[in-house]
Each structure stands twice: as structure tokens, then as C-alpha cells.
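S.K.: Have a look at this one.
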Amino acid sequence: MKAIRIFGRNIRDAFKSVFRNFSLSFASISCITITLLVVSIAVILSYNVNNFTRLVEQDVTIVAFLDTKTDEDTAKQYLEKIKSIDGVESVEHQTKIQIAEEMMESSETYNNIMSQWKVDGKWVEDEIPLRPTLLVRATSLSKIDNVADEIEKLDPEKETIKLVQYGEDMVKQLISLFDVIRKISIGVVVALILVTAFLIANTIKITIFSRKREIEIMRLVGASNMNIKIPFVFEGLFLGILGSIIPILVTTYGYVAIFENFNGQIFSPFIRLIAPEPFIYLVSGILLLIGMLVGMFGSLVAVKKHLKI
Amino acid sequence: MDLIRFQKVTKKYKNGVVAVNDIDLAIEKGDFVFVIGQTGCGKSTLIKMLYREERPTSGKIIVGGIDVAKLKNWKVFKIRRKIGVVFQDFKLLPKLNVYENVAFALEIFGLPKSEIYSRVMKVLDLVGLKSKAKQYPTQLSGGEQQRVAIARAIVNEPKLLICDEPTGNLDEDTSMEIMSVLEEINKLGTTIIMVTHDTEIVSKMKKRVILLDAGRILKDYEKGTYVHESN
């Protein structure tokens, strides 16, 4: 009962003093708000870059171009052989006609070119100068080299498999770029958290300095150091919560707006943004948690210095 | 029985000043003791050591069975809960009203609201401020503010009340009002040590008087034997 009363009193006092010393509280809150906004951007960036990396890694496709004259049976044979290679997730056979139709759909120019090989609405297969392909999806990026080599070995004379292609260098460069961005954003987040904790410690130090008398009297009437510290820690907690309100709102509405504006993708359909739900709740939670912890530790550090009277 | 015992207590500050020099002193439970002397004679240091605001350089200070000199920083609150302190500048919190200023000392311990209320009202009645419970310190006269400070000091029912020049800022009539409040508290069994410059008050009160000079006890007058002769 006693502990509950003391707890209740601490919360009430902390809440009161946030408003009683409003100008200083406001300084602390603004400080937390601004930092959390930047933290939010860094967190969102970091998560999305992670997501891009994952997507790119998943999308590791090798294209094996077959000879133009390859018949369906031969293609099927190779398909089965490739399937049994370690590190292959799936293989898909695309005939000339399928490729041509896909290309026609993608642009008007292609449409005009491709229609030359149609007679009375029917494809003349031998006329199509395209190569049938086998689309091979590797299980992971690290296996892609190996898989490509193995496919080439299946037909060393290159009679049927004419060319094995994959965007290895481009993909690897992209992933290493994403990795750099992710590391930088994590660094930024950590640095910002430290700076905020320091700034808040200083701001709260000023608050506490102006309340030195209160602490002095608390000590005189027999308050233990714990009795004195706890209300200030709660106060820091409140400041943290109040400071994270704006960043959370901005993150939630801002991210949804960005997502909708870009239709969920940047540059190409293959770099997709993380869907807002439940992602924004996760980011909001992170922001709230950082705000609370930073506020609490900031005020704990600040009040500790004043207790060495 | 002795409530307080100083044994060969010396306090030397870092700047070399010896404020208290080899003092032996015993104060009995229920006593009312004045500590007088000129500025810089060590009287404030002497009482500050009682509530562990200062630590003696050497010697023992026993208060209610606890060696205050040896008390660790984080344990200081234990002795403070047994001692009430009143200052010349009242040390009230201006943003709290009279009731809140006094209740402040009890809320820390997590007492139920109803008990806090009855105890605070009891001491406010004792110091004659029951009707001003809702007023703020700035709305009160100096004497009334000091009475609030006394109420706060005794609301914990301490065994010892230390008063550091409580009448220093007050006129003669108000000072005597304060003294009668203190005498009332003393009659209820609280030991009181009061540091003062005001020899008029000391003469009128007829209590034990300790005269300090240069950190030593120059004279220790038994109850009622001190007579101040104004020049």
C-alpha cells in the first residue's frame, strides 16, 4: 500500500513539475522532438534499405539463352537438369512466342516489330529471331556464381545453351551500396541518441539547478536519495513521452503519404517500400521507447550530480 | 539520559580555519539549550554537524544512539528523519501553500492522505496557523512563515529540533511569539537546540546557555543562570 502511495505521489509530482517548470520542460521536449524526428528518418531509411537488400537478394535470376532452333523437348531436358543443380530454387521455360508476347505488351515499338512475324494473327515460329530462355532462380545471391557455372558446364560446346547471363556485378554493387547506407543510418541513430541523452541531461540539469532549494529541503526533511531521484526520473519519462508525440504523428502520417505518393515503389517496381502497416507502429514504438529511455537516463544523470551535496 | 553527546569533536575546514576545537558536550533529552557567541565562533558549524550537513574532522557525535560522524552519505536521511531543522531564511517552497509545505515532509514517507491531513492540521494548530493553511508563503508575514517552517520541522515528531537563528529576520515581538511556540513544543518533550545572536531572548527564556568562543565552549550556564547585561 505504502509503495503504491509513494509511486502515485511520484507520478503526480513529476506530472506537476513538468508544467510548473514549463519553459524548461519545453526546452527539453523540443530537444527530444527534433532529435526523434531525425532518428525517425534514419530508422525508416535503415529499415527500407534493409528491405531493398532483401528484395534484391531474393530476385537473383539467371537467364540461360538457348539456341533459336531449340525444340521444346530439348528445352525440357535442360530444364530438368538445371533443376537438380544445388542452389536452384526454380526454373521456368519461356518459349519464343511467350517472350515475343511479353515484349509486345511492354511497348508500342516492340509491338510493331513483333507483328511482322505474325501471319493472319498466328505466329510463324521459325521466323522469330528471338531465343527461347530458361529463367533460373537461385536460392541466394551467394550461390549464383556456382549455379551459373554449373549451367554452362551442362553444355560445354554451347550448342544449345548459347549464353548464361546474370546481373551479378550490378546486384553486388547495389547491395554493397545499401549496406553502406544502412551502416551510416545506424551510426546516425546511435550518435543522435547519445547527443540527445547529453542534451537532455544538460537541460534537466538546468531545471534541477533551479530546483536546488527543493532538493535541499527534501534532504533536510529526511528524503533518501531514492526519494529525491525517482520523481525526477518520472519527470524525464514524461518529457520523453511528450517529446515523442510530434515525431510519432509526423512519422505515421508522413510515411503513409510518401508511400501513397510513390505508389509503394522507388525508381523501379523492384525497389519496393515497406508497407505502412504494421511498419509505422513499429517505428512509433521505437521512437516512444527511445524518447522514454533517453528522458529517464538524462534526468537520472542530471539529478545524481546534484545529490553529491 | 543524554540525547546528544559530543566527544572531543574538532572541525577543521579545508582552508585551515578551525571552526570547532576539541568540544565535549552532553545534552539531555527534553532540554532547551541556547548556543550563543559572536559571528564565526563556530556555533553554526556545531549544529550543522548534528544533522550531518558537516562532518567533524575528528571526534564522535552521538545523536539518539547513532554516531552521526560515521554515517555514510546515502544513509544521512536516517538521522534527518529524527531531527527537525528550522532556519533563519525559513526555506519554504514558494509554489506550495502552507498545508503543502508542511505535508511535503510526510508525503515522502508514503503516509495515507487522511493521516497526513490530521497530522498537518495538528501542527498547524500548534503553531497557530490552522486558518492560513491555504495561503502561500508570500502572503504571510515573516513570523508566520517561520511558524510554517517550525510546523514542517516538527510534523515528523522528531526527538530533536534544531533552530539556526530562527528569529534572526524577525522583530522583537514576533521573535517572542516564535519563542513561545518553541517553548510549547519543548514542553511536549522535544529537545531543542537553538543558535542565536539575540541575547535579549536568551535572558528572558531562562534556559541552559552555551557560550562559544573561537570554537571552544567558553561557558556553560545552568538553567536560568545566564544574565545578559546590555552595554
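In the C-alpha cells, chains take letters A, B, ... by order of appearance, with residues numbered from 1 within each chain and ligands from 1 in the order shown.
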Dump as an MDAnalysis selection string the residues of chain B that approach chain A to within 7 Å, counting only C-alpha atoms.
M.R.: chainID B and resid 74 77:78 80:81 93 105 108 110:111
S.K.: Would you return as a PyMOL selection string the members of range 89-213 of chain B that DSSP assigns to strand (DSSP E) on this structure's backbone?
M.R.: chain B and resi 160-164+191-195+208-213
S.K.: Which residues are near Val39 in chain A? Cut-off 12 Å, only C-alpha atoms, ignore same chain within fewer than 2 positions. Put them as a ChimeraX atom specification.
M.R.: /A:32-37,41-46,185-196,244,247-248,251,283-284,286-291
S.K.: At a cut-off of 12 Å, using only C-alpha atoms, what residues contact range 195-206 of chain B? Leave out same-chain residues fewer than 3 positions from it and give the result as a PyMOL selection string.
M.R.: chain B and resi 32-48+85-88+161-180+182-183+192+209-212+221-231
S.K.: With a distance cut-off of 8 Å and only C-alpha atoms, select the neighbouring residues of Val123 in chain B, excluding the residue or stretch itself and same-chain residues fewer than 2 positions from it, and output the selection as a list in words.
M.R.: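 Listing them by chain and then by number gives Arg119, Val120, Met121, Asp125, Leu126, Val127, Ala151, Ile154 and Val155 of chain B.
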S.K.: From the set A:Val171, A:Leu154, A:Met114, A:Ile184, which residue has the shortest atom-to-atom contact distance to Glu80 in chain A, counting only C-alpha atoms?
M.R.: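 Checking each of A:Val171, A:Leu154, A:Met114, A:Ile184 against Glu80 in chain A, counting only C-alpha atoms, the winner is A:Leu154.
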S.K.: If you run DSSP on this backbone, which residues of range 79-156 of chain B come out as alpha helix (DSSP H), and could you give them as a short mmCIF file (atom, residue, chain, number, x, y, z; two decimals) with N, CA and C atoms, in the first residue's frame?
M.R.:
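See out30.cif below for the written result:
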```cif
data_model
loop_
_atom_site.label_atom_id
_atom_site.label_comp_id
_atom_site.auth_asym_id
_atom_site.auth_seq_id
_atom_site.Cartn_x
_atom_site.Cartn_y
_atom_site.Cartn_z
N ILE B 79 19.12 9.87 9.88
CA ILE B 79 19.23 10.77 11.04
C ILE B 79 18.34 12.00 10.84
N ARG B 80 18.23 12.42 9.55
CA ARG B 80 17.41 13.62 9.29
C ARG B 80 15.94 13.39 9.65
N VAL B 98 0.72 26.71 2.46
CA VAL B 98 1.15 26.37 3.81
C VAL B 98 0.96 24.88 4.09
N TYR B 99 -0.23 24.41 3.77
CA TYR B 99 -0.53 22.99 4.03
C TYR B 99 0.45 22.09 3.28
N GLU B 100 0.64 22.40 1.97
CA GLU B 100 1.51 21.57 1.14
C GLU B 100 2.96 21.60 1.60
N ASN B 101 3.40 22.78 2.05
CA ASN B 101 4.77 22.89 2.55
C ASN B 101 5.01 21.97 3.73
N VAL B 102 4.02 21.87 4.61
CA VAL B 102 4.18 21.02 5.79
C VAL B 102 3.98 19.55 5.42
N ALA B 103 2.98 19.30 4.56
CA ALA B 103 2.68 17.92 4.17
C ALA B 103 3.82 17.28 3.38
N PHE B 104 4.58 18.14 2.70
CA PHE B 104 5.75 17.72 1.92
C PHE B 104 6.65 16.76 2.69
N ALA B 105 6.84 17.07 3.96
CA ALA B 105 7.74 16.26 4.79
C ALA B 105 7.17 14.88 5.10
N LEU B 106 5.84 14.76 4.99
CA LEU B 106 5.21 13.46 5.29
C LEU B 106 4.97 12.63 4.04
N GLU B 107 4.72 13.33 2.93
CA GLU B 107 4.38 12.63 1.69
C GLU B 107 5.51 11.72 1.23
N LYS B 113 -3.31 9.69 2.95
CA LYS B 113 -3.74 11.08 2.90
C LYS B 113 -4.41 11.56 4.18
N SER B 114 -5.27 10.69 4.71
CA SER B 114 -6.04 11.10 5.89
C SER B 114 -5.11 11.33 7.08
N GLU B 115 -4.08 10.48 7.19
CA GLU B 115 -3.15 10.66 8.30
C GLU B 115 -2.32 11.92 8.10
N ILE B 116 -1.90 12.16 6.85
CA ILE B 116 -1.15 13.38 6.57
C ILE B 116 -1.99 14.58 6.97
N TYR B 117 -3.26 14.56 6.57
CA TYR B 117 -4.15 15.69 6.87
C TYR B 117 -4.25 15.93 8.37
N SER B 118 -4.49 14.86 9.12
CA SER B 118 -4.70 15.08 10.56
C SER B 118 -3.40 15.55 11.23
N ARG B 119 -2.27 15.01 10.80
CA ARG B 119 -1.02 15.43 11.43
C ARG B 119 -0.64 16.86 11.06
N VAL B 120 -0.84 17.20 9.79
CA VAL B 120 -0.51 18.56 9.37
C VAL B 120 -1.40 19.57 10.09
N MET B 121 -2.70 19.28 10.18
CA MET B 121 -3.61 20.21 10.83
C MET B 121 -3.29 20.34 12.31
N LYS B 122 -2.83 19.22 12.90
CA LYS B 122 -2.46 19.26 14.32
C LYS B 122 -1.29 20.22 14.57
N VAL B 123 -0.24 20.10 13.74
CA VAL B 123 0.90 21.00 13.95
C VAL B 123 0.59 22.44 13.56
N LEU B 124 -0.24 22.60 12.53
CA LEU B 124 -0.61 23.97 12.16
C LEU B 124 -1.40 24.63 13.29
N ASP B 125 -2.19 23.83 13.97
CA ASP B 125 -2.93 24.31 15.13
C ASP B 125 -1.95 24.71 16.25
N LEU B 126 -0.95 23.86 16.43
CA LEU B 126 0.05 24.11 17.47
C LEU B 126 0.80 25.43 17.24
N GLY B 142 6.73 37.52 8.10
CA GLY B 142 7.94 36.77 8.42
C GLY B 142 7.73 35.79 9.57
N GLY B 143 7.04 36.27 10.60
CA GLY B 143 6.80 35.41 11.77
C GLY B 143 5.94 34.21 11.41
N GLU B 144 4.95 34.47 10.55
CA GLU B 144 4.06 33.37 10.15
C GLU B 144 4.82 32.35 9.30
N GLN B 145 5.69 32.88 8.41
CA GLN B 145 6.48 31.96 7.57
C GLN B 145 7.36 31.08 8.44
N GLN B 146 7.94 31.70 9.50
CA GLN B 146 8.80 30.91 10.38
C GLN B 146 7.98 29.85 11.13
N ARG B 147 6.76 30.20 11.43
CA ARG B 147 5.92 29.23 12.13
C ARG B 147 5.58 28.04 11.20
N VAL B 148 5.42 28.35 9.90
CA VAL B 148 5.20 27.26 8.94
C VAL B 148 6.43 26.34 8.92
N ALA B 149 7.62 26.98 8.90
CA ALA B 149 8.86 26.20 8.88
C ALA B 149 8.98 25.33 10.13
N ILE B 150 8.55 25.88 11.27
CA ILE B 150 8.59 25.09 12.51
C ILE B 150 7.61 23.93 12.42
N ALA B 151 6.43 24.23 11.88
CA ALA B 151 5.43 23.16 11.74
C ALA B 151 5.99 22.03 10.88
N ARG B 152 6.65 22.41 9.78
CA ARG B 152 7.22 21.39 8.90
C ARG B 152 8.29 20.58 9.63
N ALA B 153 9.09 21.30 10.47
CA ALA B 153 10.19 20.63 11.17
C ALA B 153 9.68 19.63 12.20
N ILE B 154 8.50 19.91 12.79
CA ILE B 154 8.05 19.03 13.88
C ILE B 154 6.96 18.04 13.47
#
```
S.K.: For range 56-61 of chain B, list every protein, DNA or RNA residue within 7 Å, evaluated using only C-alpha atoms, and leave out those in the same chain fewer than 5 positions away; present the list as a list in words.
M.R.: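 After dropping sequence-adjacent residues, the list is Arg5, Phe6, Gln7, Lys8, Val9, Thr10, Lys11, Lys12, Met49, Asp67, Val68 and Ala69 of chain B.
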S.K.: Using C-alpha atoms, can you write the selected residues to a file as an mmCIF file, in the first residue's frame?
M.R.:
```
data_model
loop_
_atom_site.group_PDB
_atom_site.id
_atom_site.type_symbol
_atom_site.label_atom_id
_atom_site.label_comp_id
_atom_site.auth_asym_id
_atom_site.auth_seq_id
_atom_site.Cartn_x
_atom_site.Cartn_y
_atom_site.Cartn_z
ATOM 1 C CA ARG B 5 26.931 13.684 23.123
ATOM 2 C CA PHE B 6 29.958 15.391 21.571
ATOM 3 C CA GLN B 7 33.270 13.685 22.352
ATOM 4 C CA LYS B 8 36.450 15.570 21.527
ATOM 5 C CA VAL B 9 34.914 16.989 18.395
ATOM 6 C CA THR B 10 37.087 19.118 16.137
ATOM 7 C CA LYS B 11 36.143 20.569 12.784
ATOM 8 C CA LYS B 12 38.826 21.989 10.596
ATOM 9 C CA MET B 49 27.436 18.569 12.416
ATOM 10 C CA ASP B 67 27.280 8.043 15.533
ATOM 11 C CA VAL B 68 26.485 10.796 13.082
ATOM 12 C CA ALA B 69 30.132 11.366 12.181
#
```
S.K.: Between CA of Met104 in chain A and CA of Glu72 in chain A, what is the distance in Å, rounded to a tenth?
M.R.: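 Between CA of Met104 in chain A and CA of Glu72 in chain A the gap works out to 22.1 Å.
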S.K.: Excluding range 229-237 of chain A and its own-chain neighbours fewer than 3 positions away, which residues fall within 9 Å of it when counting only C-alpha atoms? Please give them as a ChimeraX atom specification.
M.R.: /A:7,9-18,28,200,204,208,224-226,240-242,291-300,303-304,307
S.K.: Just write the chosen residues, C-alpha atoms, as an mmCIF file, in the first residue's frame.
M.R.:
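File produced: result-v4.cif:
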```cif
data_model
loop_
_atom_site.group_PDB
_atom_site.id
_atom_site.type_symbol
_atom_site.label_atom_id
_atom_site.label_comp_id
_atom_site.auth_asym_id
_atom_site.auth_seq_id
_atom_site.Cartn_x
_atom_site.Cartn_y
_atom_site.Cartn_z
ATOM 1 C CA PHE A 7 4.539 5.592 -6.580
ATOM 2 C CA ARG A 9 2.779 10.598 -5.469
ATOM 3 C CA ASN A 10 5.914 10.423 -7.612
ATOM 4 C CA ILE A 11 3.893 10.267 -10.798
ATOM 5 C CA ARG A 12 1.654 13.116 -9.707
ATOM 6 C CA ASP A 13 4.618 15.274 -8.688
ATOM 7 C CA ALA A 14 6.517 14.514 -11.861
ATOM 8 C CA PHE A 15 3.495 15.487 -13.904
ATOM 9 C CA LYS A 16 3.002 18.676 -11.906
ATOM 10 C CA SER A 17 6.588 19.767 -12.187
ATOM 11 C CA VAL A 18 6.637 19.276 -15.945
ATOM 12 C CA SER A 28 13.733 19.503 -23.100
ATOM 13 C CA ILE A 200 18.531 16.315 -22.157
ATOM 14 C CA ILE A 204 17.297 18.804 -16.990
ATOM 15 C CA ILE A 208 17.221 20.823 -11.363
ATOM 16 C CA SER A 224 16.546 9.484 0.927
ATOM 17 C CA ASN A 225 18.424 9.874 -2.336
ATOM 18 C CA MET A 226 15.969 7.419 -3.867
ATOM 19 C CA GLY A 240 10.350 11.724 -23.248
ATOM 20 C CA ILE A 241 6.747 10.739 -23.891
ATOM 21 C CA LEU A 242 5.666 14.321 -24.625
ATOM 22 C CA GLY A 291 12.231 9.066 -26.005
ATOM 23 C CA MET A 292 11.351 7.445 -22.687
ATOM 24 C CA LEU A 293 14.751 5.893 -22.081
ATOM 25 C CA VAL A 294 16.653 8.992 -23.095
ATOM 26 C CA GLY A 295 14.443 11.172 -20.881
ATOM 27 C CA MET A 296 14.846 8.878 -17.887
ATOM 28 C CA PHE A 297 18.578 8.426 -18.183
ATOM 29 C CA GLY A 298 19.091 12.095 -18.935
ATOM 30 C CA SER A 299 17.368 13.137 -15.738
ATOM 31 C CA LEU A 300 18.970 10.402 -13.673
ATOM 32 C CA VAL A 303 19.975 14.634 -10.595
ATOM 33 C CA LYS A 304 22.846 12.409 -9.499
ATOM 34 C CA LEU A 307 22.853 14.771 -4.871
#
```
S.K.: Measuring atom to atom with only C-alpha atoms, identify which of A:Ile151, A:Ile274, A:Ile128, A:Ile175 is nearest to Asp86 in chain A.
M.R.: A:Ile151
S.K.: Of the residues A:Ile82, A:Glu92, A:Ile161, A:Ser106, which is the one nearest to Lys69 in chain A, using only C-alpha atoms?
M.R.: A:Ile161
S.K.: Go ahead and compute the interatomic distance for CA of Gly30 in chain B and CA of Asn186 in chain B, in Å to one decimal.
M.R.: 6.7 Å
